[in-house]
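**Q** mmCIF, C-alpha atoms, file target_1.cif:
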```cif
data_data
loop_
_atom_site.label_atom_id
_atom_site.label_comp_id
_atom_site.auth_asym_id
_atom_site.auth_seq_id
_atom_site.Cartn_x
_atom_site.Cartn_y
_atom_site.Cartn_z
CA CYS W 1 84.85 136.13 73.65
CA GLY W 2 88.19 134.90 75.01
CA GLN W 3 86.78 133.99 78.42
CA ILE W 4 85.15 130.88 76.97
CA TYR W 5 88.65 129.36 77.26
CA PRO W 6 90.55 128.81 80.54
CA GLU W 7 93.64 130.69 79.31
CA THR W 8 93.12 133.97 77.45
CA THR W 9 94.86 137.27 76.95
CA ASN W 10 91.44 138.94 76.80
CA PRO W 11 90.18 141.03 79.74
CA SER W 12 87.71 139.51 82.19
CA VAL W 13 84.79 141.32 80.54
CA ALA W 14 85.35 139.53 77.19
CA THR W 15 82.55 137.00 77.59
CA GLY W 16 81.10 137.35 74.08
CA ASP W 17 78.21 139.56 75.15
CA GLY W 18 77.97 141.56 71.91
CA ILE W 19 78.03 138.53 69.64
CA ALA W 20 75.55 136.65 71.83
CA MET W 21 73.11 139.57 71.98
CA ALA W 22 73.29 140.06 68.22
CA ALA W 23 72.70 136.34 67.61
CA ARG W 24 69.61 136.41 69.84
CA ALA W 25 68.35 139.38 67.82
CA GLY W 26 68.67 137.37 64.61
CA ALA W 27 72.00 138.68 63.33
CA GLU W 28 74.05 136.35 61.14
CA VAL W 29 77.25 135.15 62.81
CA ASN W 30 80.08 133.69 60.70
CA ASN W 31 83.53 132.09 61.01
CA MET W 32 83.44 131.63 64.78
CA GLU W 33 85.56 128.47 64.48
CA PHE W 34 88.64 130.57 63.64
CA ILE W 35 90.03 131.18 67.13
CA GLN W 36 93.60 132.42 67.38
CA PHE W 37 95.76 131.13 70.21
CA HIS W 38 98.88 133.10 71.07
CA PRO W 39 101.62 130.52 71.64
CA THR W 40 103.40 132.10 74.61
CA SER W 41 101.45 133.43 77.55
CA LEU W 42 103.10 133.31 80.97
CA TYR W 43 102.16 130.14 82.84
CA VAL W 44 101.67 130.83 86.54
CA GLY W 45 99.46 127.94 87.67
CA ASN W 46 96.07 128.10 89.34
CA GLN W 47 97.36 129.22 92.72
CA GLU W 48 99.01 132.39 91.49
CA GLN W 49 96.36 133.17 88.87
CA GLY W 50 93.41 133.02 91.24
CA GLU W 51 90.36 130.84 91.63
CA GLU W 52 87.78 132.94 89.80
CA ALA W 53 86.79 131.74 86.34
CA LEU W 54 87.40 135.04 84.54
CA ASN W 55 91.12 135.77 84.37
CA SER W 56 93.49 137.37 81.91
CA VAL W 57 96.98 136.00 81.34
CA PHE W 58 100.19 137.93 80.63
CA LEU W 59 101.55 137.83 77.10
CA ILE W 60 105.20 137.04 76.32
CA SER W 61 105.78 138.82 73.02
CA GLU W 62 106.93 136.99 69.91
CA ALA W 63 109.69 139.59 69.76
CA VAL W 64 111.46 137.60 72.49
CA ARG W 65 111.76 134.68 70.09
CA GLY W 66 112.75 137.14 67.40
CA ALA W 67 115.64 138.15 69.65
CA GLY W 68 116.87 134.57 69.76
CA ALA W 69 114.83 132.79 72.47
CA ILE W 70 113.86 129.17 71.79
CA LEU W 71 111.10 126.91 73.06
CA ARG W 72 111.95 123.80 75.08
CA ASN W 73 109.81 120.91 76.29
CA ALA W 74 109.76 119.28 79.73
CA LYS W 75 112.97 117.37 78.88
CA GLY W 76 114.76 120.57 77.91
CA GLU W 77 114.70 119.72 74.22
CA SER W 78 114.26 122.31 71.49
CA PHE W 79 111.34 121.04 69.42
CA MET W 80 109.95 123.57 66.93
CA SER W 81 112.21 122.38 64.08
CA LYS W 82 110.13 119.17 64.11
CA TYR W 83 107.05 121.13 63.06
CA ASP W 84 108.34 123.79 60.68
CA VAL W 85 111.58 124.70 58.90
CA ARG W 86 111.30 128.18 60.42
CA ALA W 87 111.43 126.55 63.87
CA ASP W 88 110.76 129.08 66.65
CA LEU W 89 110.07 131.84 64.11
CA ALA W 90 107.16 130.00 62.49
CA PRO W 91 103.70 131.68 62.42
CA ARG W 92 101.63 131.78 65.59
CA ASP W 93 99.24 128.97 64.72
CA ILE W 94 102.07 126.56 63.88
CA VAL W 95 104.00 127.41 67.06
CA ALA W 96 100.86 127.06 69.19
CA ARG W 97 100.15 123.63 67.69
CA GLY W 98 103.74 122.56 68.27
CA ILE W 99 103.61 123.61 71.92
CA TYR W 100 100.25 121.90 72.44
CA ASP W 101 101.57 118.69 70.89
CA GLN W 102 104.60 118.70 73.20
CA MET W 103 102.36 119.28 76.22
CA ARG W 104 100.27 116.31 75.11
CA LEU W 105 103.26 114.05 74.47
CA HIS W 106 104.89 114.80 77.83
CA ASP W 107 101.66 115.22 79.82
CA THR W 108 102.62 118.70 81.03
CA SER W 109 100.67 121.91 81.56
CA HIS W 110 103.27 124.13 79.86
CA VAL W 111 106.60 124.31 78.05
CA TYR W 112 109.52 126.71 78.50
CA LEU W 113 110.85 129.72 76.65
CA ASP W 114 114.64 129.86 76.91
CA ALA W 115 115.78 133.49 76.61
CA THR W 116 119.14 132.98 78.32
CA CYS W 117 120.82 134.06 75.10
CA LEU W 118 120.10 137.59 76.36
CA SER W 119 122.22 139.23 79.03
CA ARG W 120 120.48 140.74 82.03
CA GLU W 121 121.13 144.21 80.60
CA GLU W 122 119.76 143.25 77.17
CA ALA W 123 116.63 141.68 78.66
CA ARG W 124 115.88 144.77 80.75
CA LYS W 125 116.60 147.16 77.90
CA GLU W 126 114.75 145.34 75.11
CA PHE W 127 111.90 143.85 77.18
CA PRO W 128 111.53 145.96 80.34
CA ASN W 129 107.84 145.19 80.93
CA ILE W 130 108.20 141.44 80.30
CA SER W 131 111.37 141.02 82.37
CA ASN W 132 109.90 143.00 85.28
CA HIS W 133 106.60 141.11 85.22
CA VAL W 134 108.23 137.67 85.02
CA GLU W 135 110.53 138.53 87.92
CA SER W 136 107.84 140.08 90.10
CA THR W 137 105.36 137.24 89.43
CA LEU W 138 107.55 134.15 89.48
CA GLY W 139 110.88 135.43 90.79
CA ILE W 140 112.54 134.47 87.51
CA ASP W 141 115.40 136.37 85.87
CA MET W 142 114.67 135.68 82.19
CA SER W 143 118.35 136.05 81.30
CA GLU W 144 119.21 133.15 83.62
CA ASP W 145 116.12 130.92 83.88
CA TRP W 146 113.60 129.50 81.44
CA ILE W 147 110.15 131.12 81.36
CA PRO W 148 107.15 128.74 81.67
CA VAL W 149 104.71 129.47 78.84
CA VAL W 150 101.41 128.08 77.58
CA PRO W 151 99.20 128.92 74.56
CA ALA W 152 96.24 131.18 75.34
CA GLN W 153 93.17 132.24 73.40
CA HIS W 154 93.98 135.60 71.86
CA TYR W 155 91.57 136.65 69.09
CA ALA W 156 88.35 135.64 67.36
CA CYS W 157 88.45 136.14 63.59
CA GLY W 158 84.73 135.53 63.23
CA GLY W 159 81.77 137.39 64.63
CA ILE W 160 78.69 139.30 63.53
CA LEU W 161 78.66 139.34 59.73
CA THR W 162 78.84 142.91 58.37
CA SER W 163 79.09 144.81 55.13
CA ILE W 164 82.01 147.15 54.46
CA ASP W 165 80.01 149.80 56.33
CA GLY W 166 79.46 147.73 59.46
CA GLU W 167 75.84 146.92 58.63
CA THR W 168 74.32 143.63 59.76
CA ASN W 169 71.20 141.86 58.53
CA VAL W 170 69.33 143.35 61.51
CA LYS W 171 68.20 146.81 60.45
CA GLY W 172 69.82 149.48 62.60
CA LEU W 173 72.41 147.14 64.14
CA TYR W 174 76.05 147.84 63.35
CA ALA W 175 79.15 145.95 64.50
CA ILE W 176 82.85 146.77 64.51
CA GLY W 177 86.05 145.43 66.03
CA GLU W 178 86.45 141.91 67.33
CA ALA W 179 82.67 141.48 67.62
CA ALA W 180 82.39 141.83 63.85
CA CYS W 181 83.22 139.51 60.98
CA THR W 182 84.31 141.88 58.22
CA GLY W 183 86.24 139.22 56.30
CA VAL W 184 89.60 141.00 56.41
CA HIS W 185 91.17 138.40 58.74
CA GLY W 186 90.17 135.38 56.70
CA ALA W 187 90.99 132.20 58.60
CA ASN W 188 94.19 133.43 60.25
CA ARG W 189 94.66 136.95 61.61
CA LEU W 190 97.87 138.91 61.21
CA ALA W 191 98.75 140.88 64.33
CA SER W 192 98.35 144.51 63.25
CA ASN W 193 95.36 144.01 60.97
CA SER W 194 92.86 144.27 63.82
CA LEU W 195 93.99 147.82 64.63
CA LEU W 196 93.61 148.88 61.00
CA GLU W 197 90.25 147.11 60.84
CA GLY W 198 89.01 149.01 63.87
CA LEU W 199 90.09 152.35 62.46
CA VAL W 200 88.77 151.88 58.93
CA PHE W 201 85.54 150.03 59.64
CA GLY W 202 84.88 152.06 62.78
CA LYS W 203 84.82 155.28 60.79
CA ARG W 204 82.73 153.77 58.00
CA SER W 205 80.23 152.34 60.49
CA VAL W 206 79.77 155.64 62.30
CA MET W 207 79.20 157.50 59.04
CA LYS W 208 76.72 154.91 57.77
CA SER W 209 74.84 154.67 61.08
CA MET W 210 74.50 158.49 61.27
CA GLU W 211 73.11 158.45 57.73
CA TYR W 212 70.68 155.71 58.74
CA MET W 213 69.53 157.62 61.83
CA GLN W 214 68.51 160.58 59.67
CA SER W 215 66.06 158.36 57.81
CA VAL W 216 64.53 156.61 60.82
CA PRO W 217 61.09 157.92 61.85
CA GLN W 218 60.75 158.94 65.48
CA VAL W 219 58.81 155.97 66.83
CA ALA W 220 59.07 154.06 70.08
CA LEU W 221 61.52 151.17 70.01
CA SER W 222 58.74 148.75 70.93
CA ASP W 223 56.93 149.72 67.74
CA ALA W 224 59.91 148.99 65.52
CA GLU W 225 59.28 146.20 63.02
CA HIS W 226 62.27 144.13 64.17
CA ALA W 227 61.86 144.64 67.93
CA LYS W 228 61.30 141.61 70.13
CA LEU W 229 61.82 140.74 73.76
CA SER W 230 65.19 139.20 74.52
CA SER W 231 65.33 135.76 76.07
CA LEU W 232 67.93 137.15 78.46
CA ARG W 233 66.27 139.48 80.97
CA PHE W 234 66.87 140.37 84.59
CA PHE W 235 64.58 139.70 87.51
CA HIS W 236 63.50 143.34 87.84
CA ASP W 237 61.69 143.16 84.47
CA ALA W 238 57.98 143.45 85.28
CA ASP W 239 56.59 140.28 83.71
CA ILE W 240 59.54 137.93 84.00
CA SER W 241 58.14 136.07 87.05
CA LYS W 242 55.08 135.03 85.05
CA GLU W 243 57.08 133.15 82.41
CA GLY W 244 58.60 130.32 84.42
CA PRO W 245 60.76 129.39 87.41
CA LEU W 246 63.45 131.88 88.46
CA CYS W 247 67.03 130.72 88.82
CA TYR W 248 69.11 132.40 91.50
CA LEU W 249 72.82 131.73 91.03
CA ASP W 250 75.31 132.93 93.60
CA ASP W 251 78.84 133.92 92.57
CA ASP W 252 80.38 130.56 93.48
CA ALA W 253 77.86 128.60 91.40
CA THR W 254 78.20 131.02 88.49
CA PHE W 255 81.99 130.87 88.40
CA SER W 256 81.89 127.09 88.70
CA LEU W 257 79.63 126.88 85.64
CA MET W 258 81.85 129.33 83.74
CA SER W 259 84.83 127.08 84.47
CA ALA W 260 82.85 124.12 83.15
CA ILE W 261 82.31 125.90 79.81
CA GLN W 262 86.00 126.78 79.63
CA GLU W 263 87.03 123.18 80.21
CA ILE W 264 84.61 121.93 77.55
CA MET W 265 86.00 124.39 75.02
CA TRP W 266 89.66 123.64 75.79
CA GLU W 267 89.08 119.88 75.68
CA HIS W 268 86.83 119.77 72.61
CA ALA W 269 87.56 122.91 70.56
CA GLY W 270 91.11 123.86 71.44
CA ILE W 271 94.23 124.13 69.30
CA LEU W 272 94.15 120.63 67.77
CA ARG W 273 90.65 119.39 66.98
CA ASN W 274 89.01 116.23 65.66
CA ASP W 275 85.51 115.24 64.56
CA ASN W 276 84.70 113.22 67.67
CA ASP W 277 85.78 115.91 70.13
CA LEU W 278 83.88 118.61 68.27
CA SER W 279 80.66 116.59 68.12
CA ARG W 280 80.85 115.64 71.79
CA GLY W 281 81.68 119.21 72.79
CA LEU W 282 78.74 120.58 70.85
CA GLU W 283 76.35 118.14 72.52
CA LYS W 284 77.69 119.06 75.97
CA VAL W 285 77.28 122.79 75.33
CA LYS W 286 73.79 122.31 73.92
CA VAL W 287 72.72 120.42 77.06
CA PHE W 288 74.41 123.03 79.23
CA LYS W 289 72.71 125.91 77.40
CA SER W 290 69.34 124.16 77.43
CA CYS W 291 69.51 123.82 81.23
CA LEU W 292 70.28 127.52 81.57
CA GLU W 293 67.43 128.46 79.24
CA GLY W 294 65.02 126.35 81.27
CA PHE W 295 64.97 129.13 83.84
CA LYS W 296 63.72 132.63 83.16
CA GLY W 297 65.64 135.71 84.12
CA CYS W 298 69.14 136.55 85.35
CA SER W 299 70.07 137.14 88.96
CA SER W 300 73.27 139.10 88.25
CA MET W 301 75.56 140.46 85.55
CA GLN W 302 77.76 137.36 85.98
CA HIS W 303 74.70 135.16 85.38
CA ALA W 304 74.07 137.01 82.11
CA GLN W 305 77.74 136.61 81.15
CA LEU W 306 77.44 132.87 81.79
CA ILE W 307 74.50 132.61 79.38
CA ASN W 308 76.39 134.65 76.77
CA MET W 309 79.47 132.43 77.16
CA ALA W 310 77.35 129.33 76.55
CA THR W 311 75.78 130.97 73.48
CA VAL W 312 79.13 131.90 71.95
CA ALA W 313 80.66 128.52 72.82
CA GLN W 314 77.86 126.86 70.87
CA LEU W 315 78.48 129.17 67.89
CA VAL W 316 82.20 128.28 67.88
CA LEU W 317 81.50 124.55 68.01
CA GLU W 318 78.74 124.69 65.39
CA GLY W 319 81.07 126.52 63.01
CA ALA W 320 83.84 123.99 63.65
CA VAL W 321 81.53 121.03 63.06
CA ARG W 322 80.22 122.51 59.80
CA ARG W 323 83.70 123.27 58.46
CA LYS W 324 84.55 120.41 56.11
CA ARG W 325 88.29 121.13 55.84
CA SER W 326 90.97 122.50 58.10
CA ALA W 327 91.82 126.11 57.33
CA GLY W 328 94.09 128.56 59.11
CA LEU W 329 93.31 128.64 62.82
CA HIS W 330 90.80 125.79 62.59
CA HIS W 331 92.96 122.65 62.56
CA ASN W 332 90.95 119.43 62.47
CA VAL W 333 93.27 116.41 62.31
CA ASP W 334 90.48 114.38 60.67
CA ARG W 335 90.00 116.90 57.87
CA PRO W 336 93.28 118.01 56.25
CA GLU W 337 93.65 121.44 54.72
CA LYS W 338 93.03 121.77 50.99
CA ALA W 339 95.92 122.49 48.65
CA LEU W 340 96.38 126.22 48.07
CA ALA W 341 95.15 126.20 44.48
CA GLU W 342 92.04 124.25 45.49
CA ALA W 343 91.34 126.43 48.52
CA ARG W 344 91.45 129.80 46.75
CA SER W 345 88.12 131.56 46.59
CA GLN W 346 86.82 135.07 46.19
CA LEU W 347 85.26 136.68 49.25
CA ASP W 348 82.15 138.63 48.34
CA VAL W 349 81.28 141.19 50.98
CA PRO W 350 77.51 140.94 51.40
CA SER W 351 75.24 143.76 50.38
CA LEU W 352 72.85 144.33 53.26
CA GLU W 353 71.17 147.50 52.08
CA GLU W 354 67.97 145.84 50.87
#
```
Do you think you could lay out the structure here as C-alpha cells?
**A**
Amino acid sequence: CGQIYPETTNPSVATGDGIAMAARAGAEVNNMEFIQFHPTSLYVGNQEQGEEALNSVFLISEAVRGAGAILRNAKGESFMSKYDVRADLAPRDIVARGIYDQMRLHDTSHVYLDATCLSREEARKEFPNISNHVESTLGIDMSEDWIPVVPAQHYACGGILTSIDGETNVKGLYAIGEAACTGVHGANRLASNSLLEGLVFGKRSVMKSMEYMQSVPQVALSDAEHAKLSSLRFFHDADISKEGPLCYLDDDATFSLMSAIQEIMWEHAGILRNDNDLSRGLEKVKVFKSCLEGFKGCSSMQHAQLINMATVAQLVLEGAVRRKRSAGLHHNVDRPEKALAEARSQLDVPSLEE
C-alpha cells in the first residue's frame, strides 16, 4: 500500500487493493499504523521523478552507511549522533526520524548521504548498481559528491489478520505476504523477515486452501453464504446505473486526487506523528472517502485504485488514532513508548477454524 505516501520504494501498482478488497468483504485488518519508512531513498525532485501520482523511488542501501558513509544536513553537519549512540548505524526507524527532524528544523526537502570516504573504484566495485544509477540520474559521482536522500515508505507490517495457515475470518479467503498481518513483524520489521514470511506462510496457505477446496460443495459463488456485492464495481456491471449517479474521472483528475491522499498521509501520518495531526488526517480522509462513495461505479482501473488508496489510508489513520502508546514504527510524540518490561505481551495467533 506504499502509494498512499508521496515517496515510496513500492511499485506503482501497490495501492493497497488486496487489503481494501478484503476489508470491504468483512475481513479483519490489524496493525496498519505500523508503516516502515526506509531512511535513504534517492531524492530527485518532482521534475525528474515525473508528474504522475504513482511513482517508485530508488533505494540507497543501508550497506553504504555500513561502509562508512554518514548523513549530513543542509548545513553539512553530521547529525545522527544527536539521536542515537549508534549514530548512522542506528536502526531504520531511528535514522528515518532523525532525517525527518533535520528536514523539519532546516525546512528542506532532503538531507545528504556523504559516501566520499569511498574511492571511485571502491564505490563501483561495492555498489555498482547504486553508483551507476546515481550518476546516470543526477550526474553525481558518489565518491566525490554527497547524495541527496529522503525517507520513503517501504513496508506495511499490518494487513489482513490471518492464522498461521493464512486463514482470515472470511471463509475461503486467504492472505499472504505484505497484504497479510501474520504477527511475525510485530511493530518494527527486520529486513529479511518478509522473505522468510512469504516462503513459510505461502506454503502453509496453499496447503490449507487446497484442503479447504476439497470440502467446499460445488455451488455457484452467488449462492455462497458469505457472498455479497462489492461497493466497488465498474460501469459495465449490468445494474450499476440504477443505484445512483455515475462518476467519470479522467486520468488528470484521478492522479490529482491520488496526490491529495498522499499529501494528507505524509502531513498527518508520516514518520513523526501527534494526536492532533492524526485526528485531523482521519477526518480529512473520511470526508474524501465519503465523497468518492457518493458516486456508484468506477470509470477506470485508476479510479478503483483511488478508492482503494482512500480505504487503506483510513485504516492506517484509524489504527494510529486507536494506538494509545508509541510502539516501533508508530511514533506519536504525544504518547511515549512504554518501558520494555511494561510493553511485553504474548501474541496469540487467532484460531479461525470455527
**Q** Can you translate the PyMOL selection byres ((chain W and resi 76-88) around 9) into the concrete residues it hits in this file, as a list in words?
**A** Arg65, Gly66, Gly68, Ala69, Ile70, Leu71, Arg72, Asn73, Ala74, Lys75, Leu89, Ala90, Pro91, Ile94, Val95, Arg97, Gly98, Ile99, Gln102, Val111 and Tyr112 of chain W
**Q** Residues picked by the PyMOL selection byres ((chain W and resi 16) around 9) here, as a list in words?
**A** Cys1, Gly2, Gln3, Ile4, Val13, Ala14, Thr15, Asp17, Gly18, Ile19, Ala20, Met21, Ala179, Gln305, Asn308, Met309, Thr311, Val312 and Ala313 of chain W
**Q** Excluding same-chain residues fewer than 2 positions from Val29 (chain W), what lies within 6 Å of it counting only C-alpha atoms, as a list in words?
**A**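 After dropping sequence-adjacent residues, the list is Gly159, Ile160 and Leu161 of chain W.
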**Q** Would you write out those residues with C-alpha atoms, as a PDB file, in the frame of the given file?
**A**
```
ATOM      1  CA  GLY W 159      81.770 137.390  64.630  1.00  0.00           C
ATOM      2  CA  ILE W 160      78.690 139.300  63.530  1.00  0.00           C
ATOM      3  CA  LEU W 161      78.660 139.340  59.730  1.00  0.00           C
TER       4      LEU W 161
END
```
**Q** Which residues, written as a PDB file with C-alpha atoms, keeping the file's coordinate frame, have at least one atom at most 12 Å from Asn193 (chain W), with all atoms listed in the file counted and residues fewer than 2 positions away on the same chain left out?
**A**
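In the end it all went to result31.pdb:
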```pdb
ATOM      1  CA  TYR W 155      91.570 136.650  69.090  1.00  0.00           C
ATOM      2  CA  CYS W 157      88.450 136.140  63.590  1.00  0.00           C
ATOM      3  CA  GLY W 177      86.050 145.430  66.030  1.00  0.00           C
ATOM      4  CA  GLU W 178      86.450 141.910  67.330  1.00  0.00           C
ATOM      5  CA  THR W 182      84.310 141.880  58.220  1.00  0.00           C
ATOM      6  CA  GLY W 183      86.240 139.220  56.300  1.00  0.00           C
ATOM      7  CA  VAL W 184      89.600 141.000  56.410  1.00  0.00           C
ATOM      8  CA  HIS W 185      91.170 138.400  58.740  1.00  0.00           C
ATOM      9  CA  GLY W 186      90.170 135.380  56.700  1.00  0.00           C
ATOM     10  CA  ASN W 188      94.190 133.430  60.250  1.00  0.00           C
ATOM     11  CA  ARG W 189      94.660 136.950  61.610  1.00  0.00           C
ATOM     12  CA  LEU W 190      97.870 138.910  61.210  1.00  0.00           C
ATOM     13  CA  ALA W 191      98.750 140.880  64.330  1.00  0.00           C
ATOM     14  CA  LEU W 195      93.990 147.820  64.630  1.00  0.00           C
ATOM     15  CA  LEU W 196      93.610 148.880  61.000  1.00  0.00           C
ATOM     16  CA  GLU W 197      90.250 147.110  60.840  1.00  0.00           C
ATOM     17  CA  GLY W 198      89.010 149.010  63.870  1.00  0.00           C
ATOM     18  CA  LEU W 199      90.090 152.350  62.460  1.00  0.00           C
ATOM     19  CA  VAL W 200      88.770 151.880  58.930  1.00  0.00           C
ATOM     20  CA  PHE W 201      85.540 150.030  59.640  1.00  0.00           C
TER      21      PHE W 201
END
```
**Q** Using the chain letters and residue numbers of this document, give as number ranges by chain the residues selected by the PyMOL selection byres ((chain W and resi 147) around 9).
**A** W: 42-43, 111-115, 134, 140-142, 145-146, 148-149
**Q** With only C-alpha atoms as the counted atoms, please give the residues lying no more than 12 Å from Trp266 (chain W), apart from itself and same-chain residues fewer than 3 positions off, as a list of chain:residue names.
**A**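 Result of the neighbour search: W:Gly2, W:Gln3, W:Ile4, W:Tyr5, W:Pro6, W:Glu7, W:Thr8, W:Ile35, W:Phe37, W:Tyr100, W:Pro151, W:Ala152, W:Gln153, W:Ser259, W:Ala260, W:Ile261, W:Gln262, W:Glu263, W:Ala269, W:Gly270, W:Ile271, W:Leu272, W:Arg273, W:Asp277, W:Leu278, W:Gly281, W:Ala313, W:Val316, W:Leu317.
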**Q** Which one of W:Ala22, W:Leu118, W:Val333, W:Ala156 sits closest to Thr9 (chain W) if you count only C-alpha atoms?
**A**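 With only C-alpha atoms as the atom set, the closest residue is W:Ala156.
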**Q** Could you check how far CA of Leu232 (chain W) sits from CA of Met32 (chain W), in Å to one decimal?
**A**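 Computed distance, CA of Leu232 (chain W) to CA of Met32 (chain W), equals 21.4 Å.
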**Q** Let me make sure I understand: among W:Arg335, W:His303, W:Arg322, W:Arg92, which one has the smallest atom-to-atom distance to Phe255 (chain W) if we use all atoms listed in the file?
**A** W:His303
**Q** Compare W:Val321, W:Ser299, W:Thr116, W:Thr254 by their minimum atom-to-atom distance to Leu282 (chain W), counting all atoms listed in the file, and give me the closest one.
**A**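 Of W:Val321, W:Ser299, W:Thr116, W:Thr254, the one nearest Leu282 (chain W) is W:Val321, counting all atoms listed in the file.
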**Q** Just the number, please: distance in Å from CA of Pro39 (chain W) to CA of Glu283 (chain W), one decimal.
**A**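 Interatomic distance, CA of Pro39 (chain W) to CA of Glu283 (chain W): 28.2 Å.
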**Q** Smallest atom-to-atom distance to Met265 (chain W): which of W:Tyr248, W:Asn30, W:Ser41, W:Val285, using all atoms listed in the file?
**A**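 Under the stated criterion, the closest residue is W:Val285.
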**Q** When you count all atoms listed in the file, which of these residues is closest to Val64 (chain W): W:Leu315, W:Leu292, W:Ala253, W:Cys117?
**A**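 Looking only at the distances to Val64 (chain W), the closest residue turns out to be W:Cys117.
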**Q** Grab the CA of Ala187 (chain W) to CA of Arg323 (chain W) distance for me, in Å with one decimal place.
**A** 11.5 Å
**Q** Using all atoms listed in the file, pick whichever of W:Ala123, W:Val216, W:Val44, W:Leu306 has the shortest atom-to-atom distance to Phe288 (chain W).
**A** W:Leu306
